[in-house]
file structure30.cif (mmCIF, C-alpha atoms)
data_start
loop_
_atom_site.group_PDB
_atom_site.id
_atom_site.type_symbol
_atom_site.label_atom_id
_atom_site.label_comp_id
_atom_site.auth_asym_id
_atom_site.auth_seq_id
_atom_site.Cartn_x
_atom_site.Cartn_y
_atom_site.Cartn_z
ATOM 1 C CA MET A 1 0.000 0.000 0.000
ATOM 2 C CA ILE A 2 2.789 2.445 0.877
ATOM 3 C CA LEU A 3 4.578 1.529 -2.358
ATOM 4 C CA ALA A 4 1.445 2.417 -4.348
ATOM 5 C CA PHE A 5 1.311 5.872 -2.744
ATOM 6 C CA ALA A 6 5.016 6.375 -3.440
ATOM 7 C CA LEU A 7 4.535 5.497 -7.115
ATOM 8 C CA ILE A 8 1.598 7.895 -7.419
ATOM 9 C CA ALA A 9 3.588 10.661 -5.748
ATOM 10 C CA LEU A 10 6.529 10.098 -8.107
ATOM 11 C CA ALA A 11 4.332 10.035 -11.204
ATOM 12 C CA CYS A 12 4.082 13.850 -11.376
ATOM 13 C CA ASN A 13 6.833 16.381 -10.829
ATOM 14 C CA PRO A 14 6.953 17.938 -7.349
ATOM 15 C CA GLY A 15 4.254 20.576 -6.943
ATOM 16 C CA ASP A 16 2.163 19.240 -9.833
ATOM 17 C CA ARG A 17 -1.285 17.732 -9.333
ATOM 18 C CA LEU A 18 -2.379 14.258 -10.457
ATOM 19 C CA ILE A 19 -5.828 14.014 -12.056
ATOM 20 C CA ASP A 20 -7.189 10.477 -12.485
ATOM 21 C CA LEU A 21 -9.913 10.144 -15.113
ATOM 22 C CA GLY A 22 -9.264 6.429 -15.676
ATOM 23 C CA GLY A 23 -12.656 5.298 -14.394
ATOM 24 C CA LYS A 24 -14.501 7.979 -16.375
ATOM 25 C CA ILE A 25 -13.007 7.478 -19.844
ATOM 26 C CA PRO A 26 -14.131 4.397 -21.804
ATOM 27 C CA ARG A 27 -11.236 2.096 -22.744
ATOM 28 C CA ALA A 28 -11.999 2.447 -26.461
ATOM 29 C CA ILE A 29 -11.158 6.172 -26.363
ATOM 30 C CA LYS A 30 -7.577 6.790 -27.534
ATOM 31 C CA THR A 31 -7.551 10.604 -27.426
ATOM 32 C CA ILE A 32 -9.538 13.228 -25.551
ATOM 33 C CA ASP A 33 -10.038 16.933 -25.932
ATOM 34 C CA LEU A 34 -9.788 18.989 -22.756
ATOM 35 C CA LEU A 35 -11.454 22.392 -22.624
ATOM 36 C CA ILE A 36 -9.336 24.374 -20.183
ATOM 37 C CA SER A 37 -10.324 27.735 -18.720
ATOM 38 C CA VAL A 38 -7.861 29.829 -16.716
ATOM 39 C CA GLU A 39 -8.113 32.999 -14.674
ATOM 40 C CA PRO A 40 -6.350 35.385 -15.016
ATOM 41 C CA SER A 41 -5.998 34.994 -18.776
ATOM 42 C CA TYR A 42 -2.209 35.507 -18.722
ATOM 43 C CA ALA A 43 -1.802 32.399 -16.523
ATOM 44 C CA ARG A 44 -0.769 29.075 -18.029
ATOM 45 C CA LEU A 45 -1.815 25.509 -17.274
ATOM 46 C CA TYR A 46 0.378 22.606 -18.365
ATOM 47 C CA VAL A 47 -0.828 19.011 -18.806
ATOM 48 C CA TYR A 48 1.350 15.914 -19.275
ATOM 49 C CA GLN A 49 1.284 12.131 -18.908
ATOM 50 C CA PRO A 50 2.506 10.892 -15.490
ATOM 51 C CA GLY A 51 6.104 9.772 -15.685
ATOM 52 C CA PHE A 52 6.581 11.534 -19.044
ATOM 53 C CA PRO A 53 7.191 15.247 -18.383
ATOM 54 C CA GLY A 54 8.423 15.543 -21.994
ATOM 55 C CA SER A 55 4.810 15.083 -23.162
ATOM 56 C CA ILE A 56 3.824 18.468 -21.686
ATOM 57 C CA GLN A 57 1.267 20.655 -23.481
ATOM 58 C CA GLY A 58 0.513 24.199 -22.421
ATOM 59 C CA CYS A 59 -2.618 26.273 -22.438
ATOM 60 C CA CYS A 60 -3.931 29.197 -22.907
ATOM 61 C CA ARG A 61 -1.590 31.878 -24.380
ATOM 62 C CA ASN A 62 -3.346 34.975 -23.060
ATOM 63 C CA LEU A 63 -6.778 33.536 -23.831
ATOM 64 C CA PRO A 64 -9.349 32.722 -21.146
ATOM 65 C CA SER A 65 -9.794 29.180 -22.535
ATOM 66 C CA SER A 66 -8.279 26.701 -24.955
ATOM 67 C CA VAL A 67 -8.630 23.088 -26.109
ATOM 68 C CA LEU A 68 -5.842 20.506 -25.789
ATOM 69 C CA LYS A 69 -5.931 17.157 -27.568
ATOM 70 C CA LEU A 70 -4.233 14.487 -25.445
ATOM 71 C CA PRO A 71 -3.562 10.781 -25.878
ATOM 72 C CA VAL A 72 -5.209 8.540 -23.306
ATOM 73 C CA ILE A 73 -2.799 5.978 -21.869
ATOM 74 C CA ASP A 74 -4.297 5.098 -18.488
ATOM 75 C CA GLY A 75 -6.556 8.105 -17.906
ATOM 76 C CA ARG A 76 -4.161 9.874 -15.536
ATOM 77 C CA PHE A 77 -2.740 13.335 -16.203
ATOM 78 C CA CYS A 78 -0.442 15.715 -14.350
ATOM 79 C CA ILE A 79 -1.365 19.400 -14.094
ATOM 80 C CA ARG A 80 1.074 22.252 -13.447
ATOM 81 C CA GLN A 81 -0.008 25.830 -12.713
ATOM 82 C CA SER A 82 2.067 28.841 -13.742
ATOM 83 C CA GLN A 83 0.637 31.030 -10.953
ATOM 84 C CA PRO A 84 0.076 29.844 -7.371
ATOM 85 C CA GLN A 85 -3.272 31.641 -6.885
ATOM 86 C CA MET A 86 -4.731 31.119 -10.359
ATOM 87 C CA LYS A 87 -8.129 29.514 -10.958
ATOM 88 C CA TRP A 88 -8.667 26.844 -13.583
ATOM 89 C CA LYS A 89 -11.306 24.448 -14.816
ATOM 90 C CA VAL A 90 -10.884 21.363 -17.011
ATOM 91 C CA GLN A 91 -13.731 19.712 -18.921
ATOM 92 C CA VAL A 92 -13.548 16.635 -21.141
ATOM 93 C CA ILE A 93 -15.193 17.223 -24.507
ATOM 94 C CA ALA A 94 -17.049 14.179 -25.790
ATOM 95 C CA ARG A 95 -15.918 13.067 -29.213
ATOM 96 C CA PRO A 96 -18.320 10.419 -30.559
ATOM 97 C CA GLU A 97 -16.055 9.632 -33.530
ATOM 98 C CA ASP A 98 -13.568 8.052 -31.103
ATOM 99 C CA ALA A 99 -16.142 5.680 -29.615
ATOM 100 C CA ILE A 100 -16.232 2.152 -30.946
#

call {"tool": "encode", "arguments": {"input": "structure30.cif", "output": "structure tokens"}}
result
Amino acid sequence: MILAFALIALACNPGDRLIDLGGKIPRAIKTIDLLISVEPSYARLYVYQPGFPGSIQGCCRNLPSSVLKLPVIDGRFCIRQSQPQMKWKVQVIARPEDAI
């Protein structure tokens, strides 16, 4: 049990947050679109696959919202904020063409 918590903690870089959508995304889905809203608009939100910080994608480039297309490996994602007090919201956009 302790080993499992250690692996989860090491999955994201220190200070980043782990989001687990594994139980909410059907296994047939290979990619998802995330609608990300940030406040203030100059703030950035970065999303990457746990254990693969090189897969990082950033949002929103001085826009209040943006869409990121991400591959689904196990449904877990790491989130990094550019500002400590920023507000953000992530929504999964349903894409029926991915469903089998």

call {"tool": "resolve_selection", "arguments": {"input": "structure30.cif", "expression": "the PyMOL selection byres ((chain A and resi 20) around 6)", "output": "MDAnalysis selection string"}}
result
chainID A and resid 19 21:22 75:76

call {"tool": "closest_residue", "arguments": {"input": "structure30.cif", "among": "A:Leu63, A:Ile56, A:Val92, A:Met86", "to": "Thr31 of chain A", "atoms": "only C-alpha atoms"}}
result
A:Val92

call {"tool": "closest_residue", "arguments": {"input": "structure30.cif", "among": "A:Ala28, A:Cys78, A:Leu68, A:Val90", "to": "Pro53 of chain A", "atoms": "all atoms listed in the file"}}
result
A:Cys78

call {"tool": "resolve_selection", "arguments": {"input": "structure30.cif", "expression": "the PyMOL selection byres ((chain A and resi 72) around 8)", "output": "count of residues only"}}
result
10

call {"tool": "atom_distance", "arguments": {"input": "structure30.cif", "atom1": "atom CA of Asn62 of chain A", "atom2": "atom CA of Ala43 of chain A"}}
result
7.2 Å

call {"tool": "axis_aligned_box", "arguments": {"input": "structure30.cif", "around": "segment 68-73 of chain A", "padding_each_side": "5 Å", "output": "AutoDock Vina command-line options"}}
result
--center_x -4.4 --center_y 13.2 --center_z -24.7 --size_x 13.1 --size_y 24.5 --size_z 15.7

call {"tool": "atom_distance", "arguments": {"input": "structure30.cif", "atom1": "atom CA of Ser66 of chain A", "atom2": "atom CA of Tyr46 of chain A"}}
result
11.6 Å

call {"tool": "atom_distance", "arguments": {"input": "structure30.cif", "atom1": "atom CA of Ser65 of chain A", "atom2": "atom CA of Tyr42 of chain A"}}
result
10.6 Å

call {"tool": "resolve_selection", "arguments": {"input": "structure30.cif", "expression": "the PyMOL selection byres ((chain A and resi 44) around 6)", "output": "ChimeraX atom specification"}}
result
/A:43,45,59-60,82

call {"tool": "closest_residue", "arguments": {"input": "structure30.cif", "among": "A:Trp88, A:Arg61, A:Lys69, A:Pro50", "to": "Pro14 of chain A", "atoms": "only C-alpha atoms"}}
result
A:Pro50

call {"tool": "closest_residue", "arguments": {"input": "structure30.cif", "among": "A:Val67, A:Cys12, A:Ile25, A:Leu35", "to": "Tyr48 of chain A", "atoms": "all atoms listed in the file"}}
result
A:Cys12
